[in-house]
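Colleague: I am sharing model.cif, which consists of mmCIF, C-alpha atoms, pLDDT in the B column; chains and numbers go by the auth columns:
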```
data_structure
#
loop_
_atom_site.group_PDB
_atom_site.id
_atom_site.type_symbol
_atom_site.label_atom_id
_atom_site.label_comp_id
_atom_site.label_asym_id
_atom_site.label_seq_id
_atom_site.Cartn_x
_atom_site.Cartn_y
_atom_site.Cartn_z
_atom_site.B_iso_or_equiv
_atom_site.auth_seq_id
_atom_site.auth_asym_id
ATOM 1 C CA MET A 1 96.030 -51.065 91.830 51.00 170 H
ATOM 2 C CA ASN A 2 97.503 -48.973 94.586 48.00 171 H
ATOM 3 C CA HIS A 3 100.126 -47.786 92.121 51.00 172 H
ATOM 4 C CA HIS A 4 97.380 -46.390 89.835 49.00 173 H
ATOM 5 C CA ARG A 5 95.742 -44.644 92.793 49.00 174 H
ATOM 6 C CA ASP A 6 99.018 -42.952 93.661 53.00 175 H
ATOM 7 C CA ASP A 7 99.357 -41.745 90.045 51.00 176 H
ATOM 8 C CA ILE A 8 95.845 -40.284 90.085 47.00 177 H
ATOM 9 C CA SER A 9 96.506 -38.543 93.410 51.00 178 H
ATOM 10 C CA SER A 10 99.714 -37.036 92.071 52.00 179 H
ATOM 11 C CA LEU A 11 97.900 -35.775 88.957 46.00 180 H
ATOM 12 C CA LEU A 12 95.207 -34.166 91.067 46.00 181 H
ATOM 13 C CA ASP A 13 97.816 -32.478 93.243 52.00 182 H
ATOM 14 C CA SER A 14 99.603 -31.070 90.204 50.00 183 H
ATOM 15 C CA ASP A 15 96.382 -29.857 88.550 50.00 184 H
ATOM 16 C CA PRO A 16 95.855 -26.115 89.291 48.00 185 H
ATOM 17 C CA ALA A 17 92.100 -26.610 89.094 47.00 186 H
ATOM 18 C CA HIS A 18 92.253 -28.705 92.283 46.00 187 H
ATOM 19 C CA HIS A 19 94.464 -26.419 94.328 47.00 188 H
ATOM 20 C CA ASP A 20 93.117 -24.912 97.510 49.00 189 H
ATOM 21 C CA ASP A 21 93.922 -21.432 96.150 49.00 190 H
ATOM 22 C CA ASP A 22 91.061 -21.737 93.659 51.00 191 H
ATOM 23 C CA ILE A 23 88.523 -22.500 96.351 53.00 192 H
ATOM 24 C CA PRO A 24 86.572 -19.307 97.262 50.00 193 H
ATOM 25 C CA THR A 25 87.678 -18.042 100.631 59.00 194 H
ATOM 26 C CA THR A 26 85.696 -16.161 103.239 59.00 195 H
ATOM 27 C CA ASP A 27 87.312 -12.887 102.147 59.00 196 H
ATOM 28 C CA ASP A 28 86.227 -13.447 98.525 59.00 197 H
ATOM 29 C CA THR A 29 82.697 -14.196 99.671 66.00 198 H
ATOM 30 C CA ASP A 30 82.629 -11.069 101.830 64.00 199 H
ATOM 31 C CA THR A 31 83.911 -8.974 98.917 71.00 200 H
ATOM 32 C CA GLY A 32 81.189 -10.333 96.629 69.00 201 H
ATOM 33 C CA THR A 33 78.541 -9.714 99.278 77.00 202 H
ATOM 34 C CA ASN A 34 79.739 -6.149 99.813 75.00 203 H
ATOM 35 C CA ARG A 35 79.685 -5.499 96.074 73.00 204 H
ATOM 36 C CA ILE A 36 76.125 -6.810 95.781 76.00 205 H
ATOM 37 C CA SER A 37 75.064 -4.670 98.745 78.00 206 H
ATOM 38 C CA LYS A 38 76.657 -1.638 97.112 73.00 207 H
ATOM 39 C CA ILE A 39 74.814 -2.266 93.847 71.00 208 H
ATOM 40 C CA VAL A 40 71.516 -2.655 95.716 74.00 209 H
ATOM 41 C CA CYS A 41 72.106 0.621 97.587 77.00 210 H
ATOM 42 C CA GLU A 42 72.944 2.395 94.335 69.00 211 H
ATOM 43 C CA LYS A 43 69.734 1.152 92.730 70.00 212 H
ATOM 44 C CA LYS A 44 67.694 2.202 95.763 75.00 213 H
ATOM 45 C CA PHE A 45 69.232 5.656 95.629 72.00 214 H
ATOM 46 C CA ALA A 46 68.509 5.887 91.896 67.00 215 H
ATOM 47 C CA TYR A 47 64.886 4.867 92.470 72.00 216 H
ATOM 48 C CA LEU A 48 64.577 7.370 95.308 76.00 217 H
ATOM 49 C CA LEU A 49 66.012 10.118 93.118 70.00 218 H
ATOM 50 C CA ALA A 50 63.592 9.201 90.327 68.00 219 H
ATOM 51 C CA LEU A 51 60.684 9.226 92.771 75.00 220 H
ATOM 52 C CA LEU A 52 61.673 12.614 94.199 75.00 221 H
ATOM 53 C CA THR A 53 62.007 13.976 90.664 70.00 222 H
ATOM 54 C CA PHE A 54 58.537 12.713 89.753 72.00 223 H
ATOM 55 C CA VAL A 55 56.964 14.081 92.932 76.00 224 H
ATOM 56 C CA SER A 56 58.681 17.459 92.571 72.00 225 H
ATOM 57 C CA MET A 57 57.430 17.713 88.997 70.00 226 H
ATOM 58 C CA VAL A 58 53.880 16.670 89.835 76.00 227 H
ATOM 59 C CA ILE A 59 53.664 19.052 92.786 80.00 228 H
ATOM 60 C CA GLY A 60 56.097 21.809 91.833 73.00 229 H
ATOM 61 C CA ILE A 61 55.098 22.468 88.243 71.00 230 H
ATOM 62 C CA PRO A 62 51.372 23.125 88.959 76.00 231 H
ATOM 63 C CA ILE A 63 52.318 25.383 91.873 76.00 232 H
ATOM 64 C CA LEU A 64 54.747 27.379 89.744 70.00 233 H
ATOM 65 C CA ILE A 65 52.210 27.689 86.930 70.00 234 H
ATOM 66 C CA TYR A 66 49.557 28.833 89.415 72.00 235 H
ATOM 67 C CA PHE A 67 51.756 31.583 90.861 69.00 236 H
ATOM 68 C CA ALA A 68 52.865 32.570 87.367 67.00 237 H
ATOM 69 C CA PHE A 69 49.259 33.192 86.323 69.00 238 H
ATOM 70 C CA ILE A 70 48.575 35.101 89.538 71.00 239 H
ATOM 71 C CA HIS A 71 51.409 37.530 88.818 65.00 240 H
ATOM 72 C CA GLN A 72 50.974 37.741 85.063 63.00 241 H
ATOM 73 C CA ASP A 73 49.250 41.131 85.327 60.00 242 H
ATOM 74 C CA THR A 74 52.129 42.806 87.167 58.00 243 H
ATOM 75 C CA ASN A 75 53.885 45.619 85.361 54.00 244 H
ATOM 76 C CA THR A 76 57.373 44.218 85.596 58.00 245 H
ATOM 77 C CA GLY A 77 56.615 40.597 84.743 61.00 246 H
ATOM 78 C CA ILE A 78 59.403 39.470 87.089 70.00 247 H
ATOM 79 C CA TYR A 79 57.253 36.902 88.843 73.00 248 H
ATOM 80 C CA MET A 80 55.977 35.448 85.585 74.00 249 H
ATOM 81 C CA ALA A 81 59.521 34.880 84.338 78.00 250 H
ATOM 82 C CA PHE A 82 60.658 33.609 87.735 81.00 251 H
ATOM 83 C CA TYR A 83 57.993 30.929 88.048 79.00 252 H
ATOM 84 C CA SER A 84 58.244 29.921 84.397 80.00 253 H
ATOM 85 C CA ALA A 85 62.003 29.454 84.701 85.00 254 H
ATOM 86 C CA GLY A 86 61.462 27.448 87.872 85.00 255 H
ATOM 87 C CA ILE A 87 59.736 24.746 85.827 83.00 256 H
ATOM 88 C CA PHE A 88 62.912 24.175 83.815 86.00 257 H
ATOM 89 C CA VAL A 89 65.046 24.236 86.959 87.00 258 H
ATOM 90 C CA ILE A 90 62.935 21.387 88.351 84.00 259 H
ATOM 91 C CA PHE A 91 63.831 19.337 85.274 83.00 260 H
ATOM 92 C CA THR A 92 67.483 20.386 85.137 88.00 261 H
ATOM 93 C CA ILE A 93 68.753 19.761 88.666 85.00 262 H
ATOM 94 C CA PRO A 94 67.591 16.134 89.129 82.00 263 H
ATOM 95 C CA ILE A 95 68.884 15.096 85.695 85.00 264 H
ATOM 96 C CA SER A 96 72.295 16.677 86.201 87.00 265 H
ATOM 97 C CA THR A 97 72.509 15.360 89.757 84.00 266 H
ATOM 98 C CA TYR A 98 71.766 11.854 88.511 83.00 267 H
ATOM 99 C CA GLU A 99 74.555 12.139 85.920 87.00 268 H
ATOM 100 C CA ILE A 100 76.969 13.133 88.687 86.00 269 H
ATOM 101 C CA PHE A 101 75.742 10.238 90.827 84.00 270 H
ATOM 102 C CA LEU A 102 76.405 7.763 87.993 85.00 271 H
ATOM 103 C CA HIS A 103 79.993 8.943 87.675 86.00 272 H
ATOM 104 C CA LEU A 104 80.598 8.774 91.414 82.00 273 H
ATOM 105 C CA THR A 105 79.206 5.233 91.636 81.00 274 H
ATOM 106 C CA HIS A 106 81.107 4.024 88.544 83.00 275 H
ATOM 107 C CA TRP A 107 84.516 5.371 89.494 83.00 276 H
ATOM 108 C CA TYR A 108 86.554 3.433 86.903 85.00 277 H
ATOM 109 C CA MET A 109 88.793 6.265 85.626 87.00 278 H
ATOM 110 C CA PRO A 110 89.225 8.626 88.594 85.00 279 H
ATOM 111 C CA ASP A 111 92.026 10.613 86.931 86.00 280 H
ATOM 112 C CA VAL A 112 89.579 11.672 84.219 90.00 281 H
ATOM 113 C CA GLN A 113 86.164 11.368 85.873 90.00 282 H
ATOM 114 C CA LYS A 114 86.977 13.814 88.661 90.00 283 H
ATOM 115 C CA TYR A 115 87.208 16.560 86.041 93.00 284 H
ATOM 116 C CA VAL A 116 83.976 15.407 84.391 93.00 285 H
ATOM 117 C CA VAL A 117 82.165 15.673 87.735 90.00 286 H
ATOM 118 C CA ARG A 118 83.484 19.210 88.209 92.00 287 H
ATOM 119 C CA VAL A 119 82.170 20.207 84.792 94.00 288 H
ATOM 120 C CA LEU A 120 78.783 18.561 85.409 93.00 289 H
ATOM 121 C CA TRP A 121 78.323 20.531 88.623 91.00 290 H
ATOM 122 C CA MET A 122 78.221 23.629 86.452 92.00 291 H
ATOM 123 C CA VAL A 123 74.699 22.713 85.294 91.00 292 H
ATOM 124 C CA PRO A 124 72.865 22.912 88.663 89.00 293 H
ATOM 125 C CA ILE A 125 74.994 25.866 89.798 90.00 294 H
ATOM 126 C CA TYR A 126 74.294 27.860 86.636 91.00 295 H
ATOM 127 C CA SER A 127 70.597 27.002 86.620 89.00 296 H
ATOM 128 C CA LEU A 128 70.115 28.021 90.260 88.00 297 H
ATOM 129 C CA GLN A 129 72.145 31.206 89.808 89.00 298 H
ATOM 130 C CA SER A 130 70.176 32.254 86.732 88.00 299 H
ATOM 131 C CA TRP A 131 66.850 31.402 88.341 88.00 300 H
ATOM 132 C CA LEU A 132 67.513 33.255 91.600 86.00 301 H
ATOM 133 C CA SER A 133 68.877 36.277 89.742 86.00 302 H
ATOM 134 C CA LEU A 134 65.464 36.754 88.116 84.00 303 H
ATOM 135 C CA ARG A 135 63.870 37.414 91.485 81.00 304 H
ATOM 136 C CA PHE A 136 66.562 38.618 93.881 82.00 305 H
ATOM 137 C CA HIS A 137 68.167 41.520 92.046 79.00 306 H
ATOM 138 C CA ASN A 138 69.881 42.847 95.154 83.00 307 H
ATOM 139 C CA ALA A 139 71.881 39.614 95.429 82.00 308 H
ATOM 140 C CA SER A 140 72.681 39.392 91.725 80.00 309 H
ATOM 141 C CA VAL A 141 76.241 40.665 92.251 86.00 310 H
ATOM 142 C CA LEU A 142 76.955 37.917 94.784 88.00 311 H
ATOM 143 C CA LEU A 143 75.322 35.268 92.598 87.00 312 H
ATOM 144 C CA ASP A 144 77.254 36.412 89.520 89.00 313 H
ATOM 145 C CA THR A 145 80.485 36.301 91.504 91.00 314 H
ATOM 146 C CA ILE A 146 79.848 32.707 92.584 90.00 315 H
ATOM 147 C CA ARG A 147 79.091 31.745 89.011 90.00 316 H
ATOM 148 C CA GLY A 148 82.184 33.525 87.685 92.00 317 H
ATOM 149 C CA VAL A 149 84.490 31.855 90.210 93.00 318 H
ATOM 150 C CA TYR A 150 83.130 28.411 89.429 94.00 319 H
ATOM 151 C CA GLU A 151 83.286 29.105 85.697 93.00 320 H
ATOM 152 C CA ALA A 152 87.024 29.801 85.967 94.00 321 H
ATOM 153 C CA TYR A 153 87.412 26.624 88.006 95.00 322 H
ATOM 154 C CA VAL A 154 85.564 24.621 85.349 95.00 323 H
ATOM 155 C CA ILE A 155 87.694 26.028 82.513 95.00 324 H
ATOM 156 C CA CYS A 156 90.834 24.990 84.404 94.00 325 H
ATOM 157 C CA SER A 157 89.339 21.553 85.084 94.00 326 H
ATOM 158 C CA PHE A 158 88.453 21.119 81.417 94.00 327 H
ATOM 159 C CA VAL A 159 92.063 21.781 80.395 92.00 328 H
ATOM 160 C CA TYR A 160 93.265 19.139 82.864 92.00 329 H
ATOM 161 C CA TYR A 161 90.512 16.843 81.596 93.00 330 H
ATOM 162 C CA LEU A 162 91.952 17.053 78.076 91.00 331 H
ATOM 163 C CA ILE A 163 95.446 16.439 79.453 90.00 332 H
ATOM 164 C CA GLY A 164 94.137 13.408 81.331 89.00 333 H
ATOM 165 C CA LEU A 165 92.581 11.992 78.157 88.00 334 H
ATOM 166 C CA MET A 166 95.976 12.255 76.469 85.00 335 H
ATOM 167 C CA GLY A 167 97.615 10.185 79.202 85.00 336 H
ATOM 168 C CA GLY A 168 98.742 12.881 81.619 84.00 337 H
ATOM 169 C CA GLU A 169 101.298 15.654 81.571 83.00 338 H
ATOM 170 C CA ALA A 170 104.337 13.381 81.220 85.00 339 H
ATOM 171 C CA SER A 171 102.830 11.462 78.319 84.00 340 H
ATOM 172 C CA MET A 172 101.737 14.636 76.554 80.00 341 H
ATOM 173 C CA ALA A 173 105.184 16.223 76.993 80.00 342 H
ATOM 174 C CA GLU A 174 106.812 13.116 75.517 83.00 343 H
ATOM 175 C CA THR A 175 104.422 13.243 72.568 79.00 344 H
ATOM 176 C CA LEU A 176 105.251 16.904 71.942 76.00 345 H
ATOM 177 C CA ARG A 177 108.984 16.186 72.021 79.00 346 H
ATOM 178 C CA LYS A 178 108.514 13.827 69.089 79.00 347 H
ATOM 179 C CA LYS A 179 106.737 16.490 67.045 76.00 348 H
ATOM 180 C CA ASN A 180 108.500 18.532 64.421 72.00 349 H
ATOM 181 C CA ALA A 181 109.879 21.800 65.808 68.00 350 H
ATOM 182 C CA ARG A 182 108.102 23.758 63.088 67.00 351 H
ATOM 183 C CA TYR A 183 104.804 23.232 64.923 67.00 352 H
ATOM 184 C CA GLY A 184 106.089 25.578 67.626 67.00 353 H
ATOM 185 C CA GLN A 185 106.876 28.392 65.193 68.00 354 H
ATOM 186 C CA HIS A 186 104.554 31.353 64.890 62.00 355 H
ATOM 187 C CA SER A 187 103.500 33.026 61.690 66.00 356 H
ATOM 188 C CA PRO A 188 104.125 35.635 60.423 66.00 357 H
ATOM 189 C CA ARG A 189 107.790 35.423 61.402 65.00 358 H
ATOM 190 C CA ILE A 190 108.035 39.207 61.640 60.00 359 H
ATOM 191 C CA LEU A 191 106.261 38.985 65.008 63.00 360 H
ATOM 192 C CA VAL A 192 109.028 36.772 66.346 64.00 361 H
ATOM 193 C CA HIS A 193 111.762 39.075 65.061 62.00 362 H
ATOM 194 C CA LEU A 194 110.029 42.069 66.658 63.00 363 H
ATOM 195 C CA GLY A 195 109.849 40.247 69.986 66.00 364 H
ATOM 196 C CA VAL A 196 106.048 40.259 70.034 62.00 365 H
ATOM 197 C CA CYS A 197 105.903 36.510 70.516 68.00 366 H
ATOM 198 C CA LYS A 198 108.358 33.651 70.858 67.00 367 H
ATOM 199 C CA ASP A 199 108.510 30.187 69.377 64.00 368 H
ATOM 200 C CA TRP A 200 107.308 27.378 71.597 66.00 369 H
ATOM 201 C CA SER A 201 109.771 24.726 72.683 69.00 370 H
ATOM 202 C CA MET A 202 108.189 21.359 71.931 67.00 371 H
ATOM 203 C CA GLY A 203 107.744 19.284 75.056 57.00 372 H
#
```
Could you render the structure as structure tokens?
Modeller:
Amino acid sequence: MNHHRDDISSLLDSDPAHHDDDIPTTDDTDTGTNRISKIVCEKKFAYLLALLTFVSMVIGIPILIYFAFIHQDTNTGIYMAFYSAGIFVIFTIPISTYEIFLHLTHWYMPDVQKYVVRVLWMVPIYSLQSWLSLRFHNASVLLDTIRGVYEAYVICSFVYYLIGLMGGEASMAETLRKKNARYGQHSPRILVHLGVCKDWSMG
């Protein structure tokens, strides 16, 4: 009888399901608790953002419409356009900000998502720049400059975003090396002979 007990004990010791490593430790419990707390905070922030969006629409849109009707008889019509555009800005900024927030809280592909976030920031920046330019003409040069600088930054980020989707620079270079050299040749060939352009070296 004791012999059978020893056999059972040895089987339990050799079974991975009964090892101490599979028993949740304090660190695992703390990690799970922290993750749950993070999810709860994210949901609270999302609800707060939704509430602020709703309140800003309920309060902001009637105010903008009121001021638009007050200034509708002005000769220039600047105020009418300014307040009308403000209604769309109220819709645009919270939605785009929420999209950015979702990426930042679901950071699963940072090498790619960081470029997506940079592109998404173009929406609130462009909307604010266009809206303020309707009213503050004296600052339009400064506002256009800010928009132009960020536009160049976004174009550069979009190129790196495409490279990131293809696996990075090293992976893309290796893929190009395997391509036929004729893909790097320009047409018509007379331009190459005249020195106007040169063939691309693959990879």
Colleague: In file coordinates, which residues lie within 10 Å of (70.4, 32.1, 87.0) using only C-alpha atoms, given as a ChimeraX atom specification?
Modeller: /H:251,254,258,293-304,309,312-313,316
Colleague: Any chance you could resolve the PyMOL selection byres ((chain H and resi 230) around 10) against this file and give the residues as a ChimeraX atom specification?
Modeller: /H:224-229,231-235,252-253,255-257,259-260
Colleague: Those same residues - C-alpha atoms - I'd like them written as a PDB file, in the frame of the given file.
Modeller:
```pdb
ATOM      1  CA  VAL H 224      56.964  14.081  92.932  1.00 76.00           C
ATOM      2  CA  SER H 225      58.681  17.459  92.571  1.00 72.00           C
ATOM      3  CA  MET H 226      57.430  17.713  88.997  1.00 70.00           C
ATOM      4  CA  VAL H 227      53.880  16.670  89.835  1.00 76.00           C
ATOM      5  CA  ILE H 228      53.664  19.052  92.786  1.00 80.00           C
ATOM      6  CA  GLY H 229      56.097  21.809  91.833  1.00 73.00           C
ATOM      7  CA  PRO H 231      51.372  23.125  88.959  1.00 76.00           C
ATOM      8  CA  ILE H 232      52.318  25.383  91.873  1.00 76.00           C
ATOM      9  CA  LEU H 233      54.747  27.379  89.744  1.00 70.00           C
ATOM     10  CA  ILE H 234      52.210  27.689  86.930  1.00 70.00           C
ATOM     11  CA  TYR H 235      49.557  28.833  89.415  1.00 72.00           C
ATOM     12  CA  TYR H 252      57.993  30.929  88.048  1.00 79.00           C
ATOM     13  CA  SER H 253      58.244  29.921  84.397  1.00 80.00           C
ATOM     14  CA  GLY H 255      61.462  27.448  87.872  1.00 85.00           C
ATOM     15  CA  ILE H 256      59.736  24.746  85.827  1.00 83.00           C
ATOM     16  CA  PHE H 257      62.912  24.175  83.815  1.00 86.00           C
ATOM     17  CA  ILE H 259      62.935  21.387  88.351  1.00 84.00           C
ATOM     18  CA  PHE H 260      63.831  19.337  85.274  1.00 83.00           C
TER      19      PHE H 260
END
```
Colleague: Take every atom of stretch 292-299 of chain H listed in the file, fit an axis-aligned box around them, add 5 Å per side, and give the centre and edge lengths in Å to one decimal as lines of an AutoDock Vina configuration file.
Modeller:
```
center_x = 72.6
center_y = 27.5
center_z = 87.8
size_x = 14.9
size_y = 19.5
size_z = 15.0
```
Colleague: If I take atom CA of H:Leu220 and atom CA of H:Thr261, how far is one from the other in Å, to one decimal?
Modeller: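 Interatomic distance here is 15.1 Å.
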Colleague: Env of stretch 324-327 of chain H: 8 Å cut, atoms = all atoms listed in the file, seq-sep filter 4 positions within chain, self excluded. Answer as a ChimeraX atom specification.
Modeller: /H:284-285,287-288,320,331
Colleague: Between atom CA of H:Gly336 and atom CA of H:Tyr277, measure the distance and give it in Å to one decimal.
Modeller: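 Interatomic distance here is 15.1 Å.
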Colleague: Record the distance separating atom CA of H:Ile208 and atom CA of H:Thr274, expressed in Å with one decimal.
Modeller: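 Taking atom CA of H:Ile208 as the start and atom CA of H:Thr274 as the end point, the length is 9.0 Å.
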Colleague: Go through H:Leu334, H:Cys210, H:Val310, H:Leu217 one by one, measure the shortest atom-to-atom distance of each to H:Gln282 using only C-alpha atoms, and give the residue with the smallest value.
Modeller: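 Smallest distance to H:Gln282 is found for H:Leu334.
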Colleague: Which one is closest to H:Phe223: H:Lys207, H:Lys347, H:Pro263, H:Ile315? Count only C-alpha atoms.
Modeller: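 Looking only at the distances to H:Phe223, the closest residue turns out to be H:Pro263.
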Colleague: Between H:Met341, H:Leu311, H:Leu289, H:Ile239, which is the closest to H:Tyr329 once you count only C-alpha atoms?
Modeller: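 Checking each of H:Met341, H:Leu311, H:Leu289, H:Ile239 against H:Tyr329, counting only C-alpha atoms, the winner is H:Met341.
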